[in-house]
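**Student:** First the structure, then my questions, so here it is.
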Amino acid sequence: MSGNSFFQYKSGSTFMHRLPPAVKILMIFILAAASFYAPALLAFILWGACLLLSIVILRFPLQAAVSDNKPAFAYAIMLYIASIILNTVSFFQSGEAFSIGAVPQILAFQKSYIDFLAKLTLSLEVTSIFYRTTSKRQFKEGFSDIEYFITRNKKLPLSESLSLTMLFIPKIASLWSQITRAWISRGGKNNLKKISSLIPILLRLSMRHAWEKSKAIAARS
């Protein structure tokens, strides 16, 4: 599978790859959650630092770094559209007469949206770094170590389920990439029809993948 796919593991020998899996899993949750408590300016600065770390030190392809930030880009567009609608409604409710001078006010991005977008972008970038430096086997090992540390029981029923849950996100992204390529190869365009046509296919493929995984786990038990 392409290392440029969303949140896809990329083999390597960097310090992030060598961290104990359990430590990385705990850091994913802690740092991704902490991102939403950072001030907007600090979040943007840290996002830039993490992006630089990904490309320069961890040697992720630029295409991969851009791919992992696509959800934030898409969300930024949605928030900006929502911001324009909210500003327009607020302007006309104020009873002011429309003029060219009102355009900057209407097109201004709501500050609360900027704050949230900065935190979301940082959280995605932090999560991306851990996903791209942690293999499927390491996720399972990490959850096994955490579960054993908590329960002191050699039977680890939750570890495989938790690792599969964590790995379901890049799998869904991979399925979406596959059906999108098929759509474009058949002459499809990037529009609303694409979304309405491919979402049901994605749901069906995702459910089939989950069912096949559950059967494989049951067969090994």
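Just so we're on the same page: first chain in the structure tokens is A, next is B, and so on; residues restart at 1 for each chain, and ligands are numbered from 1 in the order they show up.
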Hey, what's within 9 Å of stretch 193-204 of chain A if we count only C-alpha atoms and toss same-chain stuff fewer than 6 positions away? As a PyMOL selection string, please?
**Tutor:** chain A and resi 172+175-176+179-180+183
**Student:** I need the chosen residues saved as a PDB file, in the first residue's frame, with N, CA, C and O atoms.
**Tutor:**
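Writing done, so here's again-v1.pdb:
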```pdb
ATOM      1  N   ILE A 172     -10.129   2.866   6.133  1.00  0.00           N
ATOM      2  CA  ILE A 172     -11.235   3.565   5.480  1.00  0.00           C
ATOM      3  C   ILE A 172     -10.698   4.563   4.470  1.00  0.00           C
ATOM      4  O   ILE A 172     -11.222   4.694   3.352  1.00  0.00           O
ATOM      5  N   LEU A 175      -9.606   2.694   1.407  1.00  0.00           N
ATOM      6  CA  LEU A 175     -10.760   2.292   0.593  1.00  0.00           C
ATOM      7  C   LEU A 175     -11.308   3.485  -0.180  1.00  0.00           C
ATOM      8  O   LEU A 175     -11.664   3.365  -1.364  1.00  0.00           O
ATOM      9  N   TRP A 176     -11.384   4.646   0.477  1.00  0.00           N
ATOM     10  CA  TRP A 176     -11.876   5.848  -0.192  1.00  0.00           C
ATOM     11  C   TRP A 176     -10.964   6.237  -1.352  1.00  0.00           C
ATOM     12  O   TRP A 176     -11.439   6.616  -2.422  1.00  0.00           O
ATOM     13  N   ILE A 179     -11.684   3.758  -4.356  1.00  0.00           N
ATOM     14  CA  ILE A 179     -12.923   3.971  -5.108  1.00  0.00           C
ATOM     15  C   ILE A 179     -12.917   5.341  -5.791  1.00  0.00           C
ATOM     16  O   ILE A 179     -13.552   5.521  -6.836  1.00  0.00           O
ATOM     17  N   THR A 180     -12.186   6.297  -5.220  1.00  0.00           N
ATOM     18  CA  THR A 180     -12.055   7.607  -5.874  1.00  0.00           C
ATOM     19  C   THR A 180     -11.268   7.485  -7.170  1.00  0.00           C
ATOM     20  O   THR A 180     -11.637   8.077  -8.195  1.00  0.00           O
ATOM     21  N   TRP A 183     -13.460   5.982  -9.701  1.00  0.00           N
ATOM     22  CA  TRP A 183     -14.452   6.963 -10.160  1.00  0.00           C
ATOM     23  C   TRP A 183     -13.845   7.894 -11.206  1.00  0.00           C
ATOM     24  O   TRP A 183     -14.452   8.143 -12.261  1.00  0.00           O
TER      25      TRP A 183
END
```
**Student:** From the list A:Thr165, A:Ser83, A:Thr133, A:Ser206, which residue is nearest A:Met16 when using only C-alpha atoms?
**Tutor:**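 The answer is A:Thr133, which sits nearest to A:Met16.
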**Student:** What lies within 6 Å of stretch 32-36 of chain A using only C-alpha atoms, ignoring chain neighbours under 3 positions off, as a compact mmCIF listing (two decimals) with C-alpha atoms, in the first residue's frame?
**Tutor:**
```
# COMPACT_ATOMS: atom_id res chain seq x y z
CA ILE A 28 -1.09 9.81 20.59
CA PHE A 29 -4.02 10.23 22.95
CA LYS A 119 -6.23 23.11 17.14
CA SER A 123 -4.13 17.38 16.42
```
**Student:** Rank nothing, just name the residue among A:Ala82, A:Ile129, A:Leu167, A:Ala64 nearest to A:Ile106, using only C-alpha atoms.
**Tutor:**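 Of A:Ala82, A:Ile129, A:Leu167, A:Ala64, the one nearest A:Ile106, counting only C-alpha atoms, is A:Ala82.
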**Student:** Just checking: using only C-alpha atoms, which residue out of A:Ile169, A:Ala108, A:Ile146, A:Ala118 ends up closest to A:Leu26?
**Tutor:**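 Distance minimum relative to A:Leu26 lands on A:Ile146.
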**Student:** Could you pull out the alpha helix (DSSP H) residues of stretch 32-78 of chain A from DSSP and send them as a ChimeraX atom specification?
**Tutor:** /A:32-34,40-52,62-78
**Student:** Write the residues of the selection above to a file with N, CA and C atoms, as a compact mmCIF listing (two decimals), in the first residue's frame.
**Tutor:**
```txt
# COMPACT_ATOMS: atom_id res chain seq x y z
N ALA A 32 -2.71 14.50 21.13
CA ALA A 32 -3.83 14.86 20.26
C ALA A 32 -4.91 15.60 21.05
N ALA A 33 -5.17 15.14 22.28
CA ALA A 33 -6.16 15.82 23.13
C ALA A 33 -5.63 17.17 23.61
N ALA A 34 -4.34 17.23 23.97
CA ALA A 34 -3.75 18.48 24.45
C ALA A 34 -3.75 19.56 23.38
N ALA A 40 -4.57 29.44 19.77
CA ALA A 40 -4.57 29.30 18.31
C ALA A 40 -3.20 29.58 17.70
N LEU A 41 -2.56 30.67 18.11
CA LEU A 41 -1.26 31.02 17.53
C LEU A 41 -0.22 29.94 17.83
N LEU A 42 -0.19 29.46 19.07
CA LEU A 42 0.75 28.41 19.44
C LEU A 42 0.45 27.13 18.67
N ALA A 43 -0.84 26.83 18.47
CA ALA A 43 -1.23 25.63 17.72
C ALA A 43 -0.71 25.68 16.29
N PHE A 44 -0.83 26.86 15.64
CA PHE A 44 -0.34 27.00 14.27
C PHE A 44 1.19 26.86 14.22
N ILE A 45 1.88 27.44 15.22
CA ILE A 45 3.34 27.34 15.26
C ILE A 45 3.77 25.89 15.46
N LEU A 46 3.12 25.20 16.38
CA LEU A 46 3.45 23.80 16.64
C LEU A 46 3.11 22.92 15.44
N TRP A 47 2.03 23.26 14.75
CA TRP A 47 1.68 22.51 13.53
C TRP A 47 2.80 22.63 12.50
N GLY A 48 3.30 23.85 12.30
CA GLY A 48 4.40 24.06 11.37
C GLY A 48 5.64 23.30 11.79
N ALA A 49 5.92 23.28 13.11
CA ALA A 49 7.09 22.55 13.62
C ALA A 49 6.93 21.05 13.39
N CYS A 50 5.73 20.53 13.63
CA CYS A 50 5.48 19.10 13.43
C CYS A 50 5.56 18.74 11.95
N LEU A 51 5.07 19.63 11.09
CA LEU A 51 5.14 19.38 9.66
C LEU A 51 6.59 19.34 9.19
N LEU A 52 7.38 20.27 9.72
CA LEU A 52 8.82 20.30 9.40
C LEU A 52 9.51 19.04 9.91
N LEU A 62 6.49 14.65 0.83
CA LEU A 62 5.65 15.85 0.91
C LEU A 62 4.20 15.52 0.58
N GLN A 63 4.00 14.63 -0.39
CA GLN A 63 2.64 14.24 -0.76
C GLN A 63 1.91 13.60 0.41
N ALA A 64 2.64 12.82 1.21
CA ALA A 64 2.04 12.18 2.38
C ALA A 64 1.64 13.22 3.42
N ALA A 65 2.50 14.20 3.64
CA ALA A 65 2.20 15.25 4.62
C ALA A 65 0.97 16.04 4.20
N VAL A 66 0.87 16.33 2.91
CA VAL A 66 -0.30 17.05 2.40
C VAL A 66 -1.55 16.19 2.54
N SER A 67 -1.43 14.90 2.23
CA SER A 67 -2.56 13.97 2.32
C SER A 67 -3.15 13.94 3.72
N ASP A 68 -2.29 13.90 4.74
CA ASP A 68 -2.77 13.81 6.12
C ASP A 68 -3.43 15.11 6.59
N ASN A 69 -3.18 16.20 5.89
CA ASN A 69 -3.79 17.48 6.26
C ASN A 69 -5.04 17.80 5.45
N LYS A 70 -5.40 16.93 4.51
CA LYS A 70 -6.57 17.19 3.67
C LYS A 70 -7.86 17.36 4.47
N PRO A 71 -8.11 16.54 5.50
CA PRO A 71 -9.33 16.76 6.29
C PRO A 71 -9.40 18.17 6.88
N ALA A 72 -8.25 18.69 7.33
CA ALA A 72 -8.23 20.05 7.89
C ALA A 72 -8.51 21.08 6.80
N PHE A 73 -7.96 20.88 5.59
CA PHE A 73 -8.21 21.80 4.49
C PHE A 73 -9.70 21.81 4.13
N ALA A 74 -10.28 20.60 4.04
CA ALA A 74 -11.71 20.49 3.71
C ALA A 74 -12.57 21.15 4.78
N TYR A 75 -12.19 20.93 6.05
CA TYR A 75 -12.94 21.51 7.15
C TYR A 75 -12.81 23.03 7.16
N ALA A 76 -11.64 23.52 6.75
CA ALA A 76 -11.43 24.97 6.68
C ALA A 76 -12.39 25.61 5.67
N ILE A 77 -12.57 24.95 4.54
CA ILE A 77 -13.49 25.46 3.51
C ILE A 77 -14.92 25.47 4.05
N MET A 78 -15.31 24.37 4.72
CA MET A 78 -16.66 24.29 5.29
C MET A 78 -16.88 25.39 6.33
```
**Student:** Might you pull out every residue within 8 Å of A:Glu141, with only C-alpha atoms counted and same-chain residues fewer than 5 positions away left off, and present them as a ChimeraX atom specification?
**Tutor:** /A:21-22,159
**Student:** Let's have the selection written as a short mmCIF file (atom, residue, chain, number, x, y, z; two decimals), in the first residue's frame, with C-alpha atoms.
**Tutor:**
```cif
data_model
loop_
_atom_site.label_atom_id
_atom_site.label_comp_id
_atom_site.auth_asym_id
_atom_site.auth_seq_id
_atom_site.Cartn_x
_atom_site.Cartn_y
_atom_site.Cartn_z
CA PRO A 21 4.78 1.02 21.01
CA ALA A 22 2.97 1.47 24.33
CA SER A 159 -5.60 -5.69 22.67
#
```
**Student:** Measure the distance from atom CA of A:Tyr9 to atom CA of A:Phe130 in Å and round it to one decimal.
**Tutor:** 8.8 Å
